[in-house]
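What follows is the content of model-v3.pdb (PDB, C-alpha atoms).
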```
MODEL        1
ATOM      1  CA  MET A 118       0.445   2.213   4.855
ATOM      2  CA  ILE A 119      -2.887   2.105   3.031
ATOM      3  CA  ALA A 120      -3.199  -1.308   1.406
ATOM      4  CA  GLY A 121      -5.481  -4.255   0.759
ATOM      5  CA  SER A 122      -9.220  -4.049   0.210
ATOM      6  CA  ILE A 123     -10.344  -0.447   0.484
ATOM      7  CA  VAL A 124     -14.106  -0.001   0.365
ATOM      8  CA  ALA A 125     -15.616   2.842  -1.640
ATOM      9  CA  LEU A 126     -18.386   3.224   0.910
ATOM     10  CA  VAL A 127     -21.974   4.035  -0.037
ATOM     11  CA  THR A 128     -23.763   6.904   1.710
ATOM     12  CA  PRO A 129     -26.972   5.405   3.153
ATOM     13  CA  MET A 130     -30.153   7.379   2.571
ATOM     14  CA  PHE A 131     -33.826   7.111   3.408
ATOM     15  CA  PRO A 132     -36.323   6.929   0.532
ATOM     16  CA  ASP A 133     -36.744  10.720   0.663
ATOM     17  CA  GLY A 134     -33.007  11.182   0.084
ATOM     18  CA  SER A 135     -32.126  12.304   3.608
ATOM     19  CA  LEU A 136     -28.977  10.835   5.142
ATOM     20  CA  ASP A 137     -29.278   7.723   7.319
ATOM     21  CA  TRP A 138     -26.631   8.144  10.015
ATOM     22  CA  GLU A 139     -27.382   4.977  11.986
ATOM     23  CA  SER A 140     -27.014   2.802   8.902
ATOM     24  CA  LEU A 141     -23.736   4.564   8.090
ATOM     25  CA  ASP A 142     -22.447   3.648  11.545
ATOM     26  CA  ARG A 143     -23.461   0.011  11.038
ATOM     27  CA  LEU A 144     -21.765  -0.152   7.659
ATOM     28  CA  VAL A 145     -18.539   1.241   9.113
ATOM     29  CA  ASP A 146     -18.668  -1.378  11.876
ATOM     30  CA  PHE A 147     -19.304  -4.082   9.254
ATOM     31  CA  HIS A 148     -16.047  -3.163   7.539
ATOM     32  CA  LEU A 149     -14.089  -2.874  10.759
ATOM     33  CA  ASN A 150     -15.149  -6.440  11.557
ATOM     34  CA  ASN A 151     -14.373  -7.894   8.116
ATOM     35  CA  ARG A 152     -10.739  -6.991   7.422
ATOM     36  CA  THR A 153     -11.359  -3.988   5.195
ATOM     37  CA  GLY A 154      -8.034  -2.153   5.009
ATOM     38  CA  ALA A 155      -9.355   1.405   4.671
ATOM     39  CA  ILE A 156     -12.574   3.282   3.952
ATOM     40  CA  VAL A 157     -13.192   5.872   1.246
ATOM     41  CA  ALA A 158     -15.917   8.232   2.448
ATOM     42  CA  VAL A 159     -17.859  10.316  -0.085
ATOM     43  CA  GLY A 160     -16.242   9.023  -3.235
ATOM     44  CA  THR A 161     -18.214   8.331  -6.403
ATOM     45  CA  THR A 162     -19.928   5.374  -4.717
ATOM     46  CA  GLY A 163     -20.774   7.684  -1.812
ATOM     47  CA  GLU A 164     -22.708   9.987  -4.169
ATOM     48  CA  SER A 165     -20.345  12.911  -3.705
ATOM     49  CA  ALA A 166     -21.890  14.582  -6.739
ATOM     50  CA  THR A 167     -25.258  15.067  -5.010
ATOM     51  CA  LEU A 168     -24.218  15.883  -1.438
ATOM     52  CA  ASP A 169     -24.022  19.554  -0.566
ATOM     53  CA  PRO A 170     -20.760  20.793   1.040
ATOM     54  CA  ASP A 171     -22.131  20.574   4.595
ATOM     55  CA  GLU A 172     -23.361  17.008   4.077
ATOM     56  CA  HIS A 173     -20.075  16.075   2.448
ATOM     57  CA  CYS A 174     -18.163  17.187   5.538
ATOM     58  CA  GLN A 175     -20.687  15.643   7.921
ATOM     59  CA  VAL A 176     -20.263  12.213   6.309
ATOM     60  CA  ILE A 177     -16.473  12.460   6.479
ATOM     61  CA  LYS A 178     -16.643  13.421  10.159
ATOM     62  CA  ARG A 179     -19.095  10.649  10.990
ATOM     63  CA  VAL A 180     -16.889   8.011   9.364
ATOM     64  CA  VAL A 181     -13.712   9.395  10.968
ATOM     65  CA  ASP A 182     -15.345   9.439  14.395
ATOM     66  CA  ARG A 183     -16.767   5.940  14.042
ATOM     67  CA  VAL A 184     -13.507   4.443  12.790
ATOM     68  CA  ALA A 185     -11.634   6.124  15.652
ATOM     69  CA  GLY A 186      -8.197   5.521  14.151
ATOM     70  CA  ARG A 187      -8.573   1.763  13.704
ATOM     71  CA  ILE A 188      -8.074   1.860   9.928
ATOM     72  CA  PRO A 189      -7.299   4.759   7.570
ATOM     73  CA  VAL A 190     -10.121   6.968   6.309
ATOM     74  CA  ILE A 191      -9.719   8.450   2.834
ATOM     75  CA  ALA A 192     -12.005  11.372   2.035
ATOM     76  CA  GLY A 193     -13.212  11.950  -1.493
ATOM     77  CA  THR A 194     -12.510  15.633  -2.099
ATOM     78  CA  GLY A 195     -12.172  15.930  -5.860
ATOM     79  CA  ALA A 196     -14.007  18.541  -7.913
ATOM     80  CA  ASN A 197     -13.829  20.045 -11.376
ATOM     81  CA  SER A 198     -13.122  23.393  -9.752
ATOM     82  CA  THR A 199      -9.610  23.572  -8.333
ATOM     83  CA  THR A 200     -10.739  26.092  -5.716
ATOM     84  CA  GLU A 201     -13.584  23.823  -4.581
ATOM     85  CA  ALA A 202     -11.272  20.801  -4.413
ATOM     86  CA  ILE A 203      -8.828  22.756  -2.252
ATOM     87  CA  ALA A 204     -11.624  23.793   0.113
ATOM     88  CA  LEU A 205     -12.959  20.241   0.447
ATOM     89  CA  THR A 206      -9.470  18.836   0.949
ATOM     90  CA  ALA A 207      -8.704  21.407   3.656
ATOM     91  CA  ALA A 208     -11.985  20.551   5.377
ATOM     92  CA  ALA A 209     -11.209  16.821   5.254
ATOM     93  CA  LYS A 210      -7.825  17.425   6.851
ATOM     94  CA  LYS A 211      -9.437  19.453   9.630
ATOM     95  CA  LEU A 212     -11.996  16.686  10.197
ATOM     96  CA  GLY A 213      -9.265  14.088  10.711
ATOM     97  CA  ALA A 214      -9.129  12.186   7.429
ATOM     98  CA  ASP A 215      -5.883  10.295   6.875
ATOM     99  CA  ALA A 216      -5.750  10.996   3.137
ATOM    100  CA  CYS A 217      -7.834  12.409   0.308
ATOM    101  CA  LEU A 218      -8.907  10.911  -3.015
ATOM    102  CA  LEU A 219      -9.031  13.444  -5.848
ATOM    103  CA  VAL A 220     -10.771  12.508  -9.064
ATOM    104  CA  ALA A 221      -9.471  14.014 -12.292
ATOM    105  CA  PRO A 222     -11.612  17.107 -12.961
ATOM    106  CA  TYR A 223     -14.675  15.994 -14.893
ATOM    107  CA  TYR A 224     -16.677  17.772 -17.616
ATOM    108  CA  ASN A 225     -14.133  20.576 -18.151
ATOM    109  CA  LYS A 226     -11.901  18.263 -20.238
ATOM    110  CA  PRO A 227      -8.590  19.925 -19.281
ATOM    111  CA  THR A 228      -5.329  19.287 -21.102
ATOM    112  CA  GLN A 229      -2.649  17.114 -19.518
ATOM    113  CA  GLU A 230      -0.963  20.311 -18.359
ATOM    114  CA  GLY A 231      -4.245  21.407 -16.803
ATOM    115  CA  LEU A 232      -4.508  18.090 -14.956
ATOM    116  CA  PHE A 233      -0.940  18.448 -13.723
ATOM    117  CA  LEU A 234      -1.414  22.009 -12.497
ATOM    118  CA  HIS A 235      -4.804  21.214 -10.898
ATOM    119  CA  HIS A 236      -3.433  18.386  -8.751
ATOM    120  CA  LYS A 237      -0.159  20.162  -8.036
ATOM    121  CA  LYS A 238      -2.046  23.212  -6.782
ATOM    122  CA  ILE A 239      -4.237  21.164  -4.443
ATOM    123  CA  ALA A 240      -1.257  19.258  -3.067
ATOM    124  CA  GLU A 241       0.697  22.439  -2.465
ATOM    125  CA  SER A 242      -2.304  24.106  -0.821
ATOM    126  CA  VAL A 243      -3.224  21.380   1.700
ATOM    127  CA  GLU A 244      -0.657  19.341   3.602
ATOM    128  CA  ILE A 245      -2.341  15.941   3.626
ATOM    129  CA  ASP A 246      -1.594  12.729   1.742
ATOM    130  CA  GLN A 247      -3.385  12.770  -1.607
ATOM    131  CA  ILE A 248      -4.333   9.946  -3.970
ATOM    132  CA  LEU A 249      -5.035  10.759  -7.600
ATOM    133  CA  TYR A 250      -8.043   9.098  -9.245
ATOM    134  CA  ASN A 251      -8.163   8.378 -12.956
ATOM    135  CA  VAL A 252     -11.547   7.125 -14.165
ATOM    136  CA  PRO A 253     -11.959   8.258 -17.776
ATOM    137  CA  GLY A 254     -15.189   6.316 -18.194
ATOM    138  CA  ARG A 255     -16.890   8.783 -15.859
ATOM    139  CA  THR A 256     -14.915  12.009 -16.225
ATOM    140  CA  ALA A 257     -14.384  12.292 -20.014
ATOM    141  CA  VAL A 258     -10.706  13.007 -19.340
ATOM    142  CA  ASP A 259      -7.855  10.511 -19.128
ATOM    143  CA  MET A 260      -4.762  11.259 -17.064
ATOM    144  CA  ALA A 261      -1.818   9.984 -19.094
ATOM    145  CA  ASN A 262       0.796   7.872 -17.354
ATOM    146  CA  GLU A 263       3.327  10.602 -18.108
ATOM    147  CA  THR A 264       1.238  13.116 -16.163
ATOM    148  CA  THR A 265       0.992  10.771 -13.195
ATOM    149  CA  ILE A 266       4.768  10.300 -13.263
ATOM    150  CA  ARG A 267       5.233  14.081 -13.161
ATOM    151  CA  LEU A 268       2.822  14.397 -10.248
ATOM    152  CA  ALA A 269       4.647  11.654  -8.349
ATOM    153  CA  GLU A 270       7.388  14.219  -7.719
ATOM    154  CA  VAL A 271       4.994  16.335  -5.604
ATOM    155  CA  PRO A 272       5.778  15.341  -1.984
ATOM    156  CA  ASN A 273       2.277  14.723  -0.588
ATOM    157  CA  ILE A 274       0.869  12.995  -3.664
ATOM    158  CA  VAL A 275       1.233   9.406  -2.464
ATOM    159  CA  GLY A 276      -0.824   7.274  -4.837
ATOM    160  CA  ILE A 277      -3.192   6.865  -7.750
ATOM    161  CA  LYS A 278      -6.408   4.919  -8.144
ATOM    162  CA  ASP A 279      -6.306   3.488 -11.658
ATOM    163  CA  ALA A 280      -9.868   2.686 -12.702
ATOM    164  CA  THR A 281      -9.100   2.144 -16.383
ATOM    165  CA  GLY A 282      -9.173  -1.660 -16.110
ATOM    166  CA  ASP A 283      -6.226  -1.713 -18.529
ATOM    167  CA  ILE A 284      -3.764  -4.095 -16.869
ATOM    168  CA  ALA A 285      -0.986  -3.580 -19.420
ATOM    169  CA  ARG A 286      -1.169   0.163 -18.966
ATOM    170  CA  GLY A 287      -1.368  -0.143 -15.185
ATOM    171  CA  THR A 288       1.642  -2.459 -15.137
ATOM    172  CA  ASP A 289       3.621   0.008 -17.237
ATOM    173  CA  LEU A 290       2.694   2.770 -14.777
ATOM    174  CA  ILE A 291       3.798   0.723 -11.764
ATOM    175  CA  ARG A 292       7.148   0.020 -13.412
ATOM    176  CA  ALA A 293       7.674   3.629 -14.485
ATOM    177  CA  LEU A 294       6.852   4.992 -11.023
ATOM    178  CA  GLY A 295       9.413   2.715  -9.425
ATOM    179  CA  GLY A 296       7.727   2.918  -6.037
ATOM    180  CA  LYS A 297       7.628   6.732  -5.866
ATOM    181  CA  ILE A 298       3.888   6.546  -5.225
ATOM    182  CA  ASP A 299       1.508   3.641  -4.712
ATOM    183  CA  VAL A 300      -0.919   2.386  -7.345
ATOM    184  CA  TYR A 301      -4.377   1.081  -6.435
ATOM    185  CA  SER A 302      -6.831  -0.681  -8.678
ATOM    186  CA  GLY A 303     -10.233   0.905  -9.105
ATOM    187  CA  ASP A 304     -11.694  -1.933 -11.171
ATOM    188  CA  ASP A 305     -13.006  -4.905  -9.198
ATOM    189  CA  PRO A 306     -12.953  -7.559 -11.954
ATOM    190  CA  THR A 307      -9.256  -6.970 -12.741
ATOM    191  CA  ALA A 308      -8.001  -5.829  -9.344
ATOM    192  CA  TYR A 309      -6.160  -9.014  -8.456
ATOM    193  CA  GLU A 310      -4.161  -8.820 -11.688
ATOM    194  CA  LEU A 311      -2.973  -5.290 -10.950
ATOM    195  CA  ILE A 312      -2.047  -6.255  -7.382
ATOM    196  CA  LEU A 313      -0.046  -9.195  -8.727
ATOM    197  CA  ALA A 314       1.758  -6.636 -10.895
ATOM    198  CA  GLY A 315       2.641  -4.525  -7.859
ATOM    199  CA  ALA A 316      -0.420  -2.457  -6.947
ATOM    200  CA  LYS A 317      -0.965  -1.993  -3.193
ATOM    201  CA  GLY A 318      -4.669  -2.729  -3.104
ATOM    202  CA  ASN A 319      -8.098  -2.193  -4.574
ATOM    203  CA  ILE A 320     -10.592   0.605  -3.999
ATOM    204  CA  SER A 321     -13.703  -1.504  -4.308
ATOM    205  CA  VAL A 322     -17.446  -1.361  -4.890
ATOM    206  CA  THR A 323     -17.887  -5.119  -4.405
ATOM    207  CA  ALA A 324     -16.374  -4.792  -0.913
ATOM    208  CA  ASN A 325     -19.566  -3.042   0.199
ATOM    209  CA  VAL A 326     -21.367  -6.389   0.102
ATOM    210  CA  LEU A 327     -18.494  -8.904   0.409
ATOM    211  CA  PRO A 328     -15.757  -7.203   2.427
ATOM    212  CA  LEU A 329     -14.135 -10.367   3.739
ATOM    213  CA  LYS A 330     -13.975 -12.014   0.314
ATOM    214  CA  MET A 331     -12.416  -8.875  -1.180
ATOM    215  CA  ALA A 332      -9.915  -8.709   1.685
ATOM    216  CA  GLU A 333      -8.952 -12.326   1.027
ATOM    217  CA  LEU A 334      -8.646 -11.674  -2.703
ATOM    218  CA  CYS A 335      -6.262  -8.779  -2.104
ATOM    219  CA  GLU A 336      -4.262 -10.816   0.402
ATOM    220  CA  PHE A 337      -3.793 -13.738  -2.002
ATOM    221  CA  ALA A 338      -2.728 -11.386  -4.782
ATOM    222  CA  ALA A 339      -0.347  -9.452  -2.516
ATOM    223  CA  LYS A 340       1.341 -12.748  -1.580
ATOM    224  CA  GLY A 341       1.699 -13.643  -5.251
ATOM    225  CA  ASP A 342      -0.659 -16.616  -4.967
ATOM    226  CA  VAL A 343      -1.905 -16.475  -8.547
ATOM    227  CA  ALA A 344      -3.958 -19.675  -8.435
ATOM    228  CA  GLU A 345      -5.939 -18.797  -5.304
ATOM    229  CA  ALA A 346      -6.449 -15.161  -6.307
ATOM    230  CA  LYS A 347      -7.690 -16.162  -9.757
ATOM    231  CA  LYS A 348      -9.981 -18.855  -8.350
ATOM    232  CA  LEU A 349     -11.520 -16.500  -5.804
ATOM    233  CA  ASN A 350     -11.963 -13.758  -8.385
ATOM    234  CA  GLN A 351     -13.719 -16.130 -10.774
ATOM    235  CA  GLY A 352     -16.148 -16.983  -7.996
ATOM    236  CA  LEU A 353     -16.804 -13.286  -7.439
ATOM    237  CA  MET A 354     -17.385 -12.351 -11.074
ATOM    238  CA  ALA A 355     -21.169 -12.597 -10.855
ATOM    239  CA  VAL A 356     -21.138 -10.039  -8.042
ATOM    240  CA  HIS A 357     -18.600  -7.806  -9.798
ATOM    241  CA  ASP A 358     -20.780  -7.803 -12.909
ATOM    242  CA  ALA A 359     -23.987  -7.224 -10.956
ATOM    243  CA  MET A 360     -22.549  -4.194  -9.191
ATOM    244  CA  PHE A 361     -22.169  -2.466 -12.551
ATOM    245  CA  ILE A 362     -25.311  -3.619 -14.353
ATOM    246  CA  GLU A 363     -26.387   0.022 -14.081
ATOM    247  CA  ALA A 364     -24.383   3.094 -13.092
ATOM    248  CA  ASN A 365     -22.620   2.819  -9.738
ATOM    249  CA  PRO A 366     -23.908   3.135  -7.002
ATOM    250  CA  ILE A 367     -27.400   2.162  -8.185
ATOM    251  CA  PRO A 368     -26.855  -1.643  -8.010
ATOM    252  CA  VAL A 369     -24.814  -1.683  -4.796
ATOM    253  CA  LYS A 370     -27.394   0.419  -2.957
ATOM    254  CA  TYR A 371     -30.111  -1.977  -4.111
ATOM    255  CA  ALA A 372     -27.956  -4.901  -2.947
ATOM    256  CA  LEU A 373     -27.368  -3.457   0.512
ATOM    257  CA  ALA A 374     -31.064  -2.722   0.881
ATOM    258  CA  ARG A 375     -31.898  -6.334  -0.068
ATOM    259  CA  MET A 376     -29.370  -7.494   2.519
ATOM    260  CA  GLY A 377     -31.158  -5.422   5.181
ATOM    261  CA  SER A 378     -28.120  -3.226   5.781
ATOM    262  CA  MET A 379     -29.920   0.023   4.973
ATOM    263  CA  GLU A 380     -32.871   1.447   3.106
ATOM    264  CA  GLY A 381     -32.654   1.977  -0.626
ATOM    265  CA  GLY A 382     -32.661   5.759  -0.867
ATOM    266  CA  ILE A 383     -30.721   7.342  -3.711
ATOM    267  CA  ARG A 384     -30.652  10.896  -5.049
ATOM    268  CA  LEU A 385     -31.624  12.167  -8.462
ATOM    269  CA  PRO A 386     -30.470  12.134 -11.171
ATOM    270  CA  LEU A 387     -29.735   8.540 -10.133
ATOM    271  CA  THR A 388     -32.794   6.359  -9.719
ATOM    272  CA  PRO A 389     -33.461   3.015  -8.001
ATOM    273  CA  LEU A 390     -32.339  -0.102  -9.829
ATOM    274  CA  THR A 391     -34.555  -0.925 -12.792
ATOM    275  CA  GLU A 392     -36.874  -3.811 -11.954
ATOM    276  CA  ALA A 393     -35.614  -5.824 -14.911
ATOM    277  CA  CYS A 394     -32.164  -5.873 -13.273
ATOM    278  CA  HIS A 395     -33.335  -7.070  -9.851
ATOM    279  CA  LYS A 396     -33.042 -10.765 -10.685
ATOM    280  CA  ASN A 397     -29.448 -10.381 -11.857
ATOM    281  CA  VAL A 398     -28.355  -8.748  -8.597
ATOM    282  CA  ASP A 399     -30.482 -11.074  -6.466
ATOM    283  CA  ASN A 400     -28.952 -14.158  -8.100
ATOM    284  CA  ALA A 401     -25.430 -12.860  -7.435
ATOM    285  CA  LEU A 402     -26.228 -12.183  -3.780
ATOM    286  CA  GLN A 403     -27.882 -15.593  -3.353
ATOM    287  CA  GLN A 404     -24.671 -17.324  -4.455
ATOM    288  CA  PHE A 405     -23.087 -16.089  -1.230
ATOM    289  CA  GLY A 406     -26.118 -16.481   1.005
ATOM    290  CA  LEU A 407     -26.484 -12.724   1.379
ATOM    291  CA  ILE A 408     -30.233 -12.832   0.832
TER     292      ILE A 408
ENDMDL
END
```

Serialized structure, structure tokens:
Amino acid sequence: MIAGSIVALVTPMFPDGSLDWESLDRLVDFHLNNRTGAIVAVGTTGESATLDPDEHCQVIKRVVDRVAGRIPVIAGTGANSTTEAIALTAAAKKLGADACLLVAPYYNKPTQEGLFLHHKKIAESVEIDQILYNVPGRTAVDMANETTIRLAEVPNIVGIKDATGDIARGTDLIRALGGKIDVYSGDDPTAYELILAGAKGNISVTANVLPLKMAELCEFAAKGDVAEAKKLNQGLMAVHDAMFIEANPIPVKYALARMGSMEGGIRLPLTPLTEACHKNVDNALQQFGLI
């Protein structure tokens, strides 16, 4: 079962934007050694929007090979073209991914019926476990709980990443699904609350820099230890906030570069972290002795 702290892994790059394979290997090892429950390769944080199809598949393969079956690998394979999403999902299956994460199709602004048919078509076309991903703040489309409940009847749709940050709505969804599929938080500051309400884990940006702390947070919440989960989350809030001071993954790539984990390359249209924001991120990292 995929559960706990699931890192939405960055894709390391050199300053010229080329992919940094050795740093990717080191980051994977970092998570294997710090209780990360699963790795999402080439999700939003992995800059899926700017990797070409060959690079996309190469990153998935590299992560799968490095993990070597020790924890699940979830491949980001969503697209706003159903045909493209099917092709990426089929490729991920062939490359050995354990599951795929499929973002609601962005920019097109489909109806709820369009969202249903899009995900149903992908699931029926590729026999691999699939996790839906609702992040209206980035896609300009919001998958209604009712649509998710309909999709839960499709056999290989096994979960949803709820990145709305709306705990009341997420709790309603968990209750309505009744365990048919798993729910994962996609919002670091509120993740522990959704896990306390029955979510299986958190697909996390903060885990890139503090994997062990995020693993502990998810473990406390999964055990129902409200006091410890809340206390730990409060201590992490400066890092949570810093990771979103500009659009993800700008701050987290800056943070990892400051930590010496990789260089700070990022691809246009994203740009390096604005200098005025450096102090905010640096202060958050210093609280945990990361720099």

Which centre and edge lengths in Å to one decimal define the box along x, y and z that fits every listed atom of range 289-304 of chain A plus 6 Å per side, as JSON?
```
{"center_x": -1.1, "center_y": 2.4, "center_z": -11.0, "size_x": 33.1, "size_y": 20.7, "size_z": 24.5}
```

Practice task
Go ahead and compute the interatomic distance for CA of Val127 in chain A and CA of Ala393 in chain A, in Å to one decimal.
Solution key: 22.5 Å

(-5.2, 21.6, 1.3) in this file's frame - what residues fall within 12 Å of it? Use all atoms listed in the file and give the answer as an mmCIF file with C-alpha atoms, keeping the file's coordinate frame.
```cif
data_model
loop_
_atom_site.group_PDB
_atom_site.id
_atom_site.type_symbol
_atom_site.label_atom_id
_atom_site.label_comp_id
_atom_site.auth_asym_id
_atom_site.auth_seq_id
_atom_site.Cartn_x
_atom_site.Cartn_y
_atom_site.Cartn_z
ATOM 1 C CA THR A 194 -12.510 15.633 -2.099
ATOM 2 C CA GLY A 195 -12.172 15.930 -5.860
ATOM 3 C CA THR A 199 -9.610 23.572 -8.333
ATOM 4 C CA THR A 200 -10.739 26.092 -5.716
ATOM 5 C CA GLU A 201 -13.584 23.823 -4.581
ATOM 6 C CA ALA A 202 -11.272 20.801 -4.413
ATOM 7 C CA ILE A 203 -8.828 22.756 -2.252
ATOM 8 C CA ALA A 204 -11.624 23.793 0.113
ATOM 9 C CA LEU A 205 -12.959 20.241 0.447
ATOM 10 C CA THR A 206 -9.470 18.836 0.949
ATOM 11 C CA ALA A 207 -8.704 21.407 3.656
ATOM 12 C CA ALA A 208 -11.985 20.551 5.377
ATOM 13 C CA ALA A 209 -11.209 16.821 5.254
ATOM 14 C CA LYS A 210 -7.825 17.425 6.851
ATOM 15 C CA LYS A 211 -9.437 19.453 9.630
ATOM 16 C CA ALA A 214 -9.129 12.186 7.429
ATOM 17 C CA ALA A 216 -5.750 10.996 3.137
ATOM 18 C CA CYS A 217 -7.834 12.409 0.308
ATOM 19 C CA LEU A 219 -9.031 13.444 -5.848
ATOM 20 C CA HIS A 236 -3.433 18.386 -8.751
ATOM 21 C CA LYS A 237 -0.159 20.162 -8.036
ATOM 22 C CA LYS A 238 -2.046 23.212 -6.782
ATOM 23 C CA ILE A 239 -4.237 21.164 -4.443
ATOM 24 C CA ALA A 240 -1.257 19.258 -3.067
ATOM 25 C CA GLU A 241 0.697 22.439 -2.465
ATOM 26 C CA SER A 242 -2.304 24.106 -0.821
ATOM 27 C CA VAL A 243 -3.224 21.380 1.700
ATOM 28 C CA GLU A 244 -0.657 19.341 3.602
ATOM 29 C CA ILE A 245 -2.341 15.941 3.626
ATOM 30 C CA ASP A 246 -1.594 12.729 1.742
ATOM 31 C CA GLN A 247 -3.385 12.770 -1.607
ATOM 32 C CA ASN A 273 2.277 14.723 -0.588
ATOM 33 C CA ILE A 274 0.869 12.995 -3.664
#
```

Practice task
Let me know the residues the PyMOL selection byres ((chain A and resi 277-294) around 7) catches in the file above, as a ChimeraX atom specification.
Solution key: /A:248-253,262,266,276,295-304,307,311,314-315

Exercise for the section: Please evaluate the PyMOL selection byres ((chain A and resi 182-188) around 12) against the displayed coordinates and give the resulting residues as a ChimeraX atom specification. Expected result: /A:118-124,138-158,175-181,189-191,212-216

Completion step: range 195-207 of chain A with N, CA and C atoms as an mmCIF file, in the coordinates of the input:
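As written to disk, part_24.cif reads:
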```cif
data_model
loop_
_atom_site.group_PDB
_atom_site.id
_atom_site.type_symbol
_atom_site.label_atom_id
_atom_site.label_comp_id
_atom_site.auth_asym_id
_atom_site.auth_seq_id
_atom_site.Cartn_x
_atom_site.Cartn_y
_atom_site.Cartn_z
ATOM 1 N N GLY A 195 -12.398 15.427 -4.515
ATOM 2 C CA GLY A 195 -12.172 15.930 -5.860
ATOM 3 C C GLY A 195 -13.314 16.804 -6.344
ATOM 4 N N ALA A 196 -13.009 17.668 -7.294
ATOM 5 C CA ALA A 196 -14.007 18.541 -7.913
ATOM 6 C C ALA A 196 -13.457 19.003 -9.253
ATOM 7 N N ASN A 197 -14.331 19.513 -10.114
ATOM 8 C CA ASN A 197 -13.829 20.045 -11.376
ATOM 9 C C ASN A 197 -13.499 21.523 -11.272
ATOM 10 N N SER A 198 -13.629 22.065 -10.087
ATOM 11 C CA SER A 198 -13.122 23.393 -9.752
ATOM 12 C C SER A 198 -11.942 23.222 -8.803
ATOM 13 N N THR A 199 -10.796 23.716 -9.182
ATOM 14 C CA THR A 199 -9.610 23.572 -8.333
ATOM 15 C C THR A 199 -9.833 24.229 -6.981
ATOM 16 N N THR A 200 -10.470 25.383 -6.969
ATOM 17 C CA THR A 200 -10.739 26.092 -5.716
ATOM 18 C C THR A 200 -11.638 25.268 -4.803
ATOM 19 N N GLU A 201 -12.681 24.656 -5.385
ATOM 20 C CA GLU A 201 -13.584 23.823 -4.581
ATOM 21 C C GLU A 201 -12.860 22.597 -4.043
ATOM 22 N N ALA A 202 -12.017 21.976 -4.862
ATOM 23 C CA ALA A 202 -11.272 20.801 -4.413
ATOM 24 C C ALA A 202 -10.326 21.153 -3.272
ATOM 25 N N ILE A 203 -9.709 22.308 -3.342
ATOM 26 C CA ILE A 203 -8.828 22.756 -2.252
ATOM 27 C C ILE A 203 -9.631 22.934 -0.971
ATOM 28 N N ALA A 204 -10.793 23.557 -1.069
ATOM 29 C CA ALA A 204 -11.624 23.793 0.113
ATOM 30 C C ALA A 204 -12.079 22.479 0.745
ATOM 31 N N LEU A 205 -12.526 21.529 -0.083
ATOM 32 C CA LEU A 205 -12.959 20.241 0.447
ATOM 33 C C LEU A 205 -11.806 19.468 1.067
ATOM 34 N N THR A 206 -10.646 19.541 0.436
ATOM 35 C CA THR A 206 -9.470 18.836 0.949
ATOM 36 C C THR A 206 -9.024 19.426 2.280
ATOM 37 N N ALA A 207 -9.054 20.742 2.390
ATOM 38 C CA ALA A 207 -8.704 21.407 3.656
ATOM 39 C C ALA A 207 -9.693 21.018 4.751
#
```
